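Quick look at work-v2.cif (mmCIF, C-alpha atoms):
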data_run
loop_
_atom_site.label_atom_id
_atom_site.label_comp_id
_atom_site.auth_asym_id
_atom_site.auth_seq_id
_atom_site.Cartn_x
_atom_site.Cartn_y
_atom_site.Cartn_z
CA MET A 218 4.89 2.81 -24.54
CA ARG A 219 3.32 -0.66 -24.55
CA ASN A 220 6.56 -2.32 -23.42
CA TYR A 221 7.00 0.28 -20.69
CA LEU A 222 3.49 -0.27 -19.32
CA LEU A 223 4.00 -4.04 -19.39
CA LEU A 224 7.26 -3.63 -17.49
CA ARG A 225 5.58 -1.47 -14.85
CA ALA A 226 2.77 -4.02 -14.53
CA ARG A 227 5.28 -6.82 -13.98
CA LEU A 228 7.06 -4.75 -11.36
CA LEU A 229 3.78 -4.13 -9.55
CA VAL A 230 2.96 -7.85 -9.60
CA ARG A 231 6.38 -8.65 -8.15
CA LEU A 232 5.90 -6.13 -5.36
CA LEU A 233 2.49 -7.59 -4.57
CA ARG A 234 4.00 -11.07 -4.41
CA GLU A 235 6.55 -9.84 -1.90
CA LEU A 236 3.68 -8.43 0.11
CA GLY A 237 2.30 -11.95 0.59
CA TRP A 238 -0.98 -13.40 -0.62
CA TRP A 239 -2.66 -13.64 2.78
CA ARG A 240 -1.66 -10.10 3.75
CA LEU A 241 -2.73 -8.87 0.33
CA LEU A 242 -6.06 -10.65 0.62
CA LEU A 243 -6.81 -9.42 4.14
CA LEU A 244 -5.40 -5.91 4.30
CA GLY A 245 -5.82 -5.28 0.58
CA GLY A 246 -9.47 -6.20 0.75
CA LEU A 247 -10.09 -4.05 3.81
CA LEU A 248 -8.20 -1.09 2.39
CA GLY A 249 -9.99 -1.53 -0.92
CA LEU A 250 -13.37 -1.41 0.80
CA ALA A 251 -12.35 1.64 2.82
CA THR A 252 -11.08 3.42 -0.29
CA ALA A 253 -14.21 2.54 -2.25
CA ARG A 254 -16.40 3.80 0.57
CA ALA A 255 -14.48 7.07 0.78
CA LEU A 256 -14.81 7.54 -2.99
CA VAL A 257 -18.54 6.80 -2.96
CA VAL A 258 -19.14 9.20 -0.07
CA ALA A 259 -17.11 11.94 -1.76
CA ALA A 260 -18.77 11.35 -5.13
CA GLY A 261 -22.19 11.58 -3.51
CA SER A 262 -21.60 15.24 -2.66
CA ALA A 263 -21.51 17.87 -5.38
CA LYS A 264 -18.72 19.79 -3.64
CA ALA A 265 -16.71 16.90 -2.17
CA ALA A 266 -16.55 15.20 -5.57
CA TRP A 267 -14.16 17.90 -6.76
CA LEU A 268 -11.76 16.98 -3.97
CA VAL A 269 -11.21 13.52 -5.45
CA PRO A 270 -9.14 14.77 -8.43
CA VAL A 271 -6.97 16.84 -6.09
CA VAL A 272 -6.38 13.94 -3.68
CA VAL A 273 -5.63 11.46 -6.47
CA ALA A 274 -3.25 13.89 -8.17
CA GLY A 275 -1.57 14.64 -4.85
CA LEU A 276 -0.90 10.97 -4.16
CA LEU A 277 0.44 10.41 -7.66
CA TRP A 278 2.57 13.54 -7.41
CA SER A 279 4.11 12.28 -4.18
CA LEU A 280 4.96 8.94 -5.79
CA HIS A 281 6.18 10.62 -8.96
CA ARG A 282 8.62 12.93 -7.20
CA GLN A 283 10.38 10.01 -5.51
CA ARG A 284 10.76 7.76 -8.56
CA PRO A 285 14.28 6.26 -8.64
CA ASP A 286 14.28 5.63 -12.41
CA PHE A 287 14.19 9.22 -13.68
CA LEU A 288 17.84 9.24 -14.73
CA PHE A 289 17.49 5.88 -16.46
CA LEU A 290 14.45 7.05 -18.42
CA GLN A 291 16.13 10.31 -19.40
CA LEU A 292 19.15 8.46 -20.77
CA THR A 293 17.34 5.63 -22.55
CA ALA A 294 14.11 7.34 -23.68
CA PRO A 295 14.17 11.16 -23.56
CA GLY A 296 10.51 11.30 -24.62
CA PHE A 297 9.27 9.29 -21.65
CA ARG A 298 6.81 11.87 -20.29
CA PRO A 299 3.84 10.56 -22.35
CA TRP A 300 4.55 7.10 -20.95
CA LEU A 301 4.27 8.41 -17.41
CA ALA A 302 1.12 10.33 -18.30
CA ALA A 303 -0.49 7.15 -19.63
CA GLU A 304 0.59 5.19 -16.55
CA TYR A 305 -0.82 7.75 -14.12
CA ALA A 306 -4.05 8.07 -16.10
CA LEU A 307 -4.51 4.29 -15.92
CA LEU A 308 -3.88 4.33 -12.17
CA SER A 309 -6.57 6.99 -11.73
CA LEU A 310 -9.17 5.11 -13.78
CA PRO A 311 -10.83 3.38 -10.76
CA ALA A 312 -11.46 6.73 -9.06
CA ALA A 313 -12.70 8.23 -12.31
CA GLY A 314 -14.98 5.23 -12.83
CA VAL A 315 -16.57 5.71 -9.41
CA LEU A 316 -17.16 9.38 -10.17
CA VAL A 317 -18.78 8.54 -13.51
CA GLY A 318 -20.96 5.92 -11.85
CA CYS A 319 -22.16 8.51 -9.34
CA GLY A 320 -22.99 11.01 -12.07
CA ARG A 321 -19.90 13.25 -11.78
CA PRO A 322 -18.40 13.18 -15.29
CA GLY A 323 -16.74 16.57 -14.90
CA ALA A 324 -14.85 15.51 -11.78
CA ALA A 325 -13.94 12.21 -13.47
CA LEU A 326 -12.47 14.01 -16.46
CA LEU A 327 -10.55 16.36 -14.19
CA THR A 328 -9.18 13.33 -12.31
CA LEU A 329 -7.74 11.88 -15.51
CA VAL A 330 -6.37 15.22 -16.68
CA LEU A 331 -4.66 16.06 -13.38
CA ALA A 332 -3.29 12.53 -13.05
CA ALA A 333 -1.76 12.70 -16.52
CA GLY A 334 -0.44 16.19 -15.82
CA VAL A 335 1.58 14.91 -12.86
CA ALA A 336 4.02 13.46 -15.40
CA LEU A 337 5.21 17.00 -16.17
CA ALA A 338 6.43 17.58 -12.60
CA PRO A 339 10.20 17.47 -12.09
CA PRO A 340 11.77 14.88 -9.79
CA ALA A 341 12.81 15.73 -6.27
CA THR A 342 16.50 16.54 -6.30
CA ALA A 343 18.94 17.26 -3.53
CA ARG A 344 20.42 20.73 -3.41
CA ALA A 345 23.97 21.10 -4.55
CA GLY A 346 26.61 21.98 -2.01
CA ARG A 347 27.39 20.79 1.46
CA ARG A 348 26.49 23.85 3.46
CA HIS A 349 22.92 24.24 4.66
CA ARG A 350 21.32 26.73 6.93
CA GLN A 351 20.93 25.56 10.50
CA SER A 352 17.66 23.80 11.18
CA MET A 353 15.47 24.34 14.22
CA PHE A 354 14.91 20.58 14.43
CA ARG A 355 17.32 18.12 15.99
CA SER A 356 19.35 16.02 13.59
CA VAL A 357 17.92 12.79 15.01
CA ALA A 358 14.59 13.83 13.45
CA PHE A 359 16.18 13.88 10.00
CA GLU A 360 12.81 13.82 8.22
CA TRP A 361 11.92 17.18 9.73
CA VAL A 362 15.38 18.59 9.08
CA GLY A 363 15.04 17.73 5.41
CA ALA A 364 11.52 19.15 5.24
CA SER A 365 12.58 22.43 6.85
CA ARG A 366 15.17 22.94 4.11
CA ARG A 367 12.67 22.58 1.30
CA ARG A 368 11.39 25.65 -0.41
CA GLY A 369 7.85 26.58 0.43
CA ALA A 370 7.46 24.49 3.59
CA GLY A 371 7.31 27.55 5.83
CA LEU A 372 5.08 29.43 3.42
CA LEU A 373 2.69 26.48 3.30
CA TRP A 374 2.48 26.42 7.09
CA LEU A 375 1.86 30.17 7.18
CA GLY A 376 -0.81 29.78 4.52
CA LEU A 377 -2.62 27.14 6.56
CA LEU A 378 -2.37 29.31 9.67
CA GLY A 379 -3.76 32.28 7.77
CA ALA A 380 -6.63 30.19 6.39
CA ALA A 381 -7.41 28.88 9.87
CA ALA A 382 -7.41 32.40 11.31
CA ALA A 383 -9.61 33.71 8.50
CA THR A 384 -12.21 30.98 9.13
CA ARG A 385 -11.93 30.88 12.92
CA HIS A 386 -15.64 31.64 13.29
CA THR A 387 -16.32 28.14 11.94
CA ALA A 388 -15.05 24.73 12.99
CA THR A 389 -14.53 23.45 9.44
CA GLY A 390 -11.82 25.86 8.30
CA PRO A 391 -9.34 25.41 11.16
CA ALA A 392 -10.03 21.65 11.24
CA LEU A 393 -9.20 21.37 7.54
CA ALA A 394 -6.01 23.34 8.16
CA VAL A 395 -4.96 20.84 10.85
CA VAL A 396 -5.76 17.89 8.60
CA GLY A 397 -3.97 19.60 5.72
CA TRP A 398 -0.81 19.93 7.79
CA LEU A 399 -1.09 16.24 8.67
CA LEU A 400 -1.30 15.33 4.98
CA VAL A 401 1.83 17.37 4.31
CA LEU A 402 3.67 14.91 6.55
CA LEU A 403 3.04 12.20 3.95
CA GLU A 404 5.71 13.96 1.92
CA VAL A 405 7.93 14.43 4.98
CA TYR A 406 7.90 10.72 5.83
CA GLY A 407 7.74 9.52 2.24
CA PRO A 408 11.40 9.17 1.19
CA VAL A 409 13.10 6.00 2.40
CA GLU A 410 16.47 6.61 4.01
CA PRO A 411 19.57 4.55 3.07
CA TRP A 412 20.08 1.34 5.00
CA ALA A 413 23.25 2.74 6.56
CA TRP A 414 21.07 5.16 8.51
CA LEU A 415 19.41 2.18 10.18
CA LEU A 416 22.54 1.11 12.04
CA PRO A 417 21.10 2.37 15.36
CA ALA A 418 18.07 0.18 14.72
CA LEU A 419 20.21 -2.97 14.70
CA THR A 420 20.65 -2.86 18.46
CA SER A 421 16.96 -2.42 19.25
CA PRO A 422 14.33 -2.16 16.49
CA GLY A 423 11.62 -1.39 19.03
CA ARG A 424 13.56 1.52 20.49
CA TRP A 425 14.25 2.85 16.99
CA LEU A 426 10.56 2.76 16.07
CA ARG A 427 9.54 4.39 19.34
CA GLY A 428 12.07 7.13 18.69
CA ARG A 429 10.83 7.74 15.14
CA VAL A 430 7.22 7.90 16.31
CA GLY A 431 8.10 9.99 19.36
CA TRP A 432 10.04 12.64 17.44
CA GLY A 433 7.34 12.74 14.80
CA LEU A 434 4.58 13.30 17.34
CA LEU A 435 6.65 15.87 19.21
CA TYR A 436 7.40 18.05 16.21
CA PHE A 437 3.93 17.60 14.78
CA GLY A 438 2.50 18.75 18.10
CA LEU A 439 4.77 21.79 18.21
CA THR A 440 4.04 22.83 14.62
CA VAL A 441 0.32 22.17 14.78
CA ALA A 442 -0.13 23.96 18.13
CA PRO A 443 -0.96 27.39 16.60
CA LEU A 444 -3.50 25.79 14.27
CA ALA A 445 -5.02 23.85 17.15
CA ALA A 446 -5.21 27.02 19.26
CA VAL A 447 -7.26 28.72 16.55
CA LEU A 448 -9.52 25.67 16.33
CA ALA A 449 -10.01 25.51 20.10
CA GLN A 450 -11.16 29.14 20.21
CA GLY A 451 -13.92 28.44 17.71
CA PRO A 452 -17.10 26.36 17.82
CA ALA A 453 -15.13 23.10 18.07
CA GLY A 454 -13.90 23.96 21.55
CA ALA A 455 -11.19 22.22 23.52
CA GLY A 456 -12.93 18.84 23.40
CA GLY A 457 -13.30 18.76 19.64
CA THR A 458 -9.73 19.97 19.18
CA ALA A 459 -8.38 17.27 21.49
CA ALA A 460 -10.33 14.59 19.62
CA LEU A 461 -8.99 15.79 16.27
CA LEU A 462 -5.41 15.90 17.56
CA LEU A 463 -5.77 12.37 18.94
CA TRP A 464 -6.97 11.17 15.55
CA CYS A 465 -4.05 12.95 13.87
CA ALA A 466 -1.61 11.29 16.28
CA VAL A 467 -2.97 7.83 15.41
CA VAL A 468 -2.78 8.47 11.66
CA LEU A 469 0.72 9.96 11.93
CA THR A 470 1.91 6.95 13.92
CA MET A 471 0.61 4.61 11.22
CA VAL A 472 2.31 6.70 8.52
CA VAL A 473 5.66 6.44 10.32
CA LEU A 474 5.28 2.70 10.93
CA ALA A 475 4.26 2.11 7.31
CA LYS A 476 7.55 3.65 6.20
CA TYR A 477 9.45 0.75 7.78
CA ALA A 478 6.89 -2.02 7.33
CA PHE A 479 8.19 -2.83 3.84
CA TYR A 480 11.63 -1.23 3.97
CA PRO A 481 13.39 -0.60 1.60
CA HIS A 482 10.57 -0.80 -0.99
CA ALA A 483 9.55 2.83 -1.44
CA THR A 484 6.51 2.05 -3.60
CA LEU A 485 4.99 -0.38 -1.10
CA ALA A 486 5.74 2.05 1.71
CA ARG A 487 3.98 4.91 -0.09
CA LEU A 488 0.97 2.77 -0.95
CA THR A 489 0.75 1.55 2.64
CA GLN A 490 0.98 5.11 3.94
CA ALA A 491 -1.80 6.18 1.60
CA GLY A 492 -3.87 3.22 2.77
CA ALA A 493 -3.28 4.17 6.40
CA VAL A 494 -4.59 7.67 5.70
CA VAL A 495 -7.65 6.25 3.92
CA VAL A 496 -8.38 3.96 6.86
CA GLY A 497 -7.95 6.91 9.20
CA PHE A 498 -10.50 8.93 7.27
CA SER A 499 -12.90 5.98 7.12
CA ILE A 500 -13.58 6.07 10.87
CA LEU A 501 -15.07 9.54 10.48
CA GLY A 502 -18.20 7.82 9.20
CA SER A 503 -20.92 6.19 11.24
CA ASN A 504 -19.98 2.54 10.66
CA PRO A 505 -18.28 1.13 13.80
CA ALA A 506 -16.62 -1.62 11.76
CA PHE A 507 -14.08 0.87 10.45
CA GLY A 508 -12.94 1.52 14.01
CA ALA A 509 -11.99 -2.14 14.27
CA LEU A 510 -10.28 -1.86 10.89
CA LEU A 511 -8.23 1.08 12.15
CA ALA A 512 -7.19 -0.85 15.26
CA ALA A 513 -6.23 -3.90 13.19
CA CYS A 514 -4.15 -1.81 10.78
CA PHE A 515 -2.47 0.02 13.66
CA LEU A 516 -1.42 -3.21 15.36
CA GLY A 517 -0.51 -4.86 12.07
CA LEU A 518 1.79 -2.03 11.03
CA GLY A 519 3.46 -2.06 14.43
CA LEU A 520 4.22 -5.78 14.23
CA LYS A 521 5.24 -5.70 10.57
CA SER A 522 7.62 -2.76 10.96
CA HIS A 523 9.26 -4.35 14.01
CA ARG A 524 9.74 -7.66 12.21
CA ARG A 525 11.10 -5.93 9.13
CA LEU A 526 13.76 -4.08 11.09
CA ALA A 527 14.54 -7.20 13.11
CA TYR A 528 15.39 -8.92 9.82
CA TYR A 529 18.24 -6.45 9.33
CA GLN A 530 19.31 -6.99 12.91
CA HIS A 531 20.02 -10.67 12.24
CA ALA A 532 21.09 -10.33 8.59
#

Encoded form (structure tokens):
Amino acid sequence: MRNYLLLRARLLVRLLRELGWWRLLLLGGLLGLATARALVVAAGSAKAAWLVPVVVAGLLWSLHRQRPDFLFLQLTAPGFRPWLAAEYALLSLPAAGVLVGCGRPGAALLTLVLAAGVALAPPATARAGRRHRQSMFRSVAFEWVGASRRRGAGLLWLGLLGAAAATRHTATGPALAVVGWLLVLLEVYGPVEPWAWLLPALTSPGRWLRGRVGWGLLYFGLTVAPLAAVLAQGPAGAGGTAALLLWCAVVLTMVVLAKYAFYPHATLARLTQAGAVVVGFSILGSNPAFGALLAACFLGLGLKSHRRLAYYQHA
């Protein structure tokens, strides 16, 4: 286990070096402050503190399902699950430490337990066979086509719609359903497609990125419309619903851009997407500085993703 953890640490250091020291210092520091603030705010509430273990486990689960070394570990070390459990528990230690510091030992313990339990989840595998049922989404939006063919995607959407309808007399329930559907898109836009799929991007990286963002916003708008309708009929009203949808559009755009900002490094892409979501949530507070942070991250991801795809254009 010790050698495995050292190898993973070296891999993380190499990825951070590829990120660049100045970008790591600037964006890493800002994202670190935003994450720390979100943890402190959540840990300060008796109820919100129990959301931290779920969020941490969800992020680790998303990374775990897309690991490319599952087959290698199964062949070389069949008993690798405890190694993964130790790795994920170590990654969740900062969040657990914040919870302990704020007097939430129960939530901290649950964070470590759920993080270690993620190691038991199976990897994401493609279905056997070449024939698939026809998707309602256009093939150019391949992320949505793949998501529509996964088991449970429709049931999850129906569950969120049912929860929103059941709590329509409040603004919190439907709003959480909308945000929950947005977080589901982290899994939709998580996997990195093969480089051969980027051939259309070689002619015009900007057009490719606009297309990816445009199709994402279109299908998100169509799928979230029933949830937004329930929210608009409640205390939030049309104004509050429009503001929430605008915020969701900004966060979704950053998630899509983050996918290509460090292509083809899936780990950096996932970490950047998680950071974009954290920055998006940070502006919900009262500090106006986080609005400037959101704008800086939005512009930075746009420039970085365009430059990254332009590299393949001239390669």

> So how many Å separate atom CA of Leu222 of chain A and atom CA of His482 of chain A, to one decimal?
Replying inline: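 These two atoms are separated by 19.7 Å.
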
> Contacts of Ala449 of chain A at 9 Å or less, counting only C-alpha atoms, minus same-chain residues fewer than 5 places along, as a PyMOL selection string?
Replying inline: chain A and resi 388+391+444+454-459

Show me, as a PDB file with C-alpha atoms, in the coordinates of the input, the residues that have an atom within 9 Å of Ala306 of chain A when counting only C-alpha atoms, minus same-chain residues fewer than 4 positions from it.
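Okay, result15.pdb is ready:
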ATOM      1  CA  LEU A 301       4.270   8.410 -17.410  1.00  0.00           C
ATOM      2  CA  ALA A 302       1.120  10.330 -18.300  1.00  0.00           C
ATOM      3  CA  LEU A 310      -9.170   5.110 -13.780  1.00  0.00           C
ATOM      4  CA  THR A 328      -9.180  13.330 -12.310  1.00  0.00           C
ATOM      5  CA  LEU A 329      -7.740  11.880 -15.510  1.00  0.00           C
ATOM      6  CA  VAL A 330      -6.370  15.220 -16.680  1.00  0.00           C
ATOM      7  CA  LEU A 331      -4.660  16.060 -13.380  1.00  0.00           C
ATOM      8  CA  ALA A 332      -3.290  12.530 -13.050  1.00  0.00           C
ATOM      9  CA  ALA A 333      -1.760  12.700 -16.520  1.00  0.00           C
ATOM     10  CA  GLY A 334      -0.440  16.190 -15.820  1.00  0.00           C
TER      11      GLY A 334
END

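Note that atom CA of Leu518 of chain A and atom CA of Leu474 of chain A are 5.9 Å apart.
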
>> Taking the file as I've supplied it (selection: the PyMOL selection byres ((chain A and resi 274-276) around 8)), which residues are included? Please answer as a PyMOL selection string.
In response: chain A and resi 270-273+277-280+328+331-332+335+491

> Care to translate the PyMOL selection byres ((chain A and resi 405) around 7) into actual residues of this file, as a PyMOL selection string?
Replying inline: chain A and resi 360-361+364+401-404+406-407

>> What would the selection look like, as a PyMOL selection string, if the PyMOL selection byres ((chain A and resi 511) around 12) were run on the coordinates I just shared?
In response: chain A and resi 244+247-248+251+464+467-468+470-471+492-501+504-510+512-518

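Going from atom CA of Ser309 of chain A over to atom CA of Pro481 of chain A, you cover 25.2 Å.
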
>> Which residues are close to Ala394 of chain A, i.e. within 9 Å by all atoms listed in the file, leaving aside same-chain residues fewer than 3 positions away? Reply as a PyMOL selection string.
In response: chain A and resi 377-378+380-381+389-391+397-399+444

>> Give me, as number ranges by chain, all polymer residues having an atom no more than 12 Å from Leu256 of chain A, counting all atoms listed in the file and skipping those fewer than 4 positions away in the same chain.
In response: A: 249-252, 260-262, 265-270, 272-273, 311-319, 321, 324-325, 495, 498-499

Save the residues we just selected, C-alpha atoms, as a PDB file, keeping the file's coordinate frame?
ATOM      1  CA  GLY A 249      -9.990  -1.530  -0.920  1.00  0.00           C
ATOM      2  CA  LEU A 250     -13.370  -1.410   0.800  1.00  0.00           C
ATOM      3  CA  ALA A 251     -12.350   1.640   2.820  1.00  0.00           C
ATOM      4  CA  THR A 252     -11.080   3.420  -0.290  1.00  0.00           C
ATOM      5  CA  ALA A 260     -18.770  11.350  -5.130  1.00  0.00           C
ATOM      6  CA  GLY A 261     -22.190  11.580  -3.510  1.00  0.00           C
ATOM      7  CA  SER A 262     -21.600  15.240  -2.660  1.00  0.00           C
ATOM      8  CA  ALA A 265     -16.710  16.900  -2.170  1.00  0.00           C
ATOM      9  CA  ALA A 266     -16.550  15.200  -5.570  1.00  0.00           C
ATOM     10  CA  TRP A 267     -14.160  17.900  -6.760  1.00  0.00           C
ATOM     11  CA  LEU A 268     -11.760  16.980  -3.970  1.00  0.00           C
ATOM     12  CA  VAL A 269     -11.210  13.520  -5.450  1.00  0.00           C
ATOM     13  CA  PRO A 270      -9.140  14.770  -8.430  1.00  0.00           C
ATOM     14  CA  VAL A 272      -6.380  13.940  -3.680  1.00  0.00           C
ATOM     15  CA  VAL A 273      -5.630  11.460  -6.470  1.00  0.00           C
ATOM     16  CA  PRO A 311     -10.830   3.380 -10.760  1.00  0.00           C
ATOM     17  CA  ALA A 312     -11.460   6.730  -9.060  1.00  0.00           C
ATOM     18  CA  ALA A 313     -12.700   8.230 -12.310  1.00  0.00           C
ATOM     19  CA  GLY A 314     -14.980   5.230 -12.830  1.00  0.00           C
ATOM     20  CA  VAL A 315     -16.570   5.710  -9.410  1.00  0.00           C
ATOM     21  CA  LEU A 316     -17.160   9.380 -10.170  1.00  0.00           C
ATOM     22  CA  VAL A 317     -18.780   8.540 -13.510  1.00  0.00           C
ATOM     23  CA  GLY A 318     -20.960   5.920 -11.850  1.00  0.00           C
ATOM     24  CA  CYS A 319     -22.160   8.510  -9.340  1.00  0.00           C
ATOM     25  CA  ARG A 321     -19.900  13.250 -11.780  1.00  0.00           C
ATOM     26  CA  ALA A 324     -14.850  15.510 -11.780  1.00  0.00           C
ATOM     27  CA  ALA A 325     -13.940  12.210 -13.470  1.00  0.00           C
ATOM     28  CA  VAL A 495      -7.650   6.250   3.920  1.00  0.00           C
ATOM     29  CA  PHE A 498     -10.500   8.930   7.270  1.00  0.00           C
ATOM     30  CA  SER A 499     -12.900   5.980   7.120  1.00  0.00           C
TER      31      SER A 499
END

>> For a quick check of your reading of the model, name the residues lying within 10 Å of the coordinate (3.7, 13.6, 14.6), counting all atoms listed in the file, and write them as a ChimeraX atom specification.
In response: /A:399,402,429-441,462,465-470,472-473

> Between A:Leu326, A:Leu415, A:Ala483, A:Ala445, which has the minimum distance to Tyr528 of chain A (counting all atoms listed in the file)?
Replying inline: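 For Tyr528 of chain A, the nearest of the candidates is A:Leu415.
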
>> Which residues are near Asn220 of chain A? Cut-off 12 Å, all atoms listed in the file, ignore same chain within fewer than 6 positions. Put them as a PyMOL selection string.
In response: chain A and resi 226-227+300+304

Assuming 3 Å of padding per side, give the centre and edge lengths of the axis-aligned box around every listed atom of segment 479-485 of chain A, in Å to one decimal and as AutoDock Vina command-line options.
--center_x 9.2 --center_y 0.0 --center_z 0.2 --size_x 14.4 --size_y 11.7 --size_z 13.6
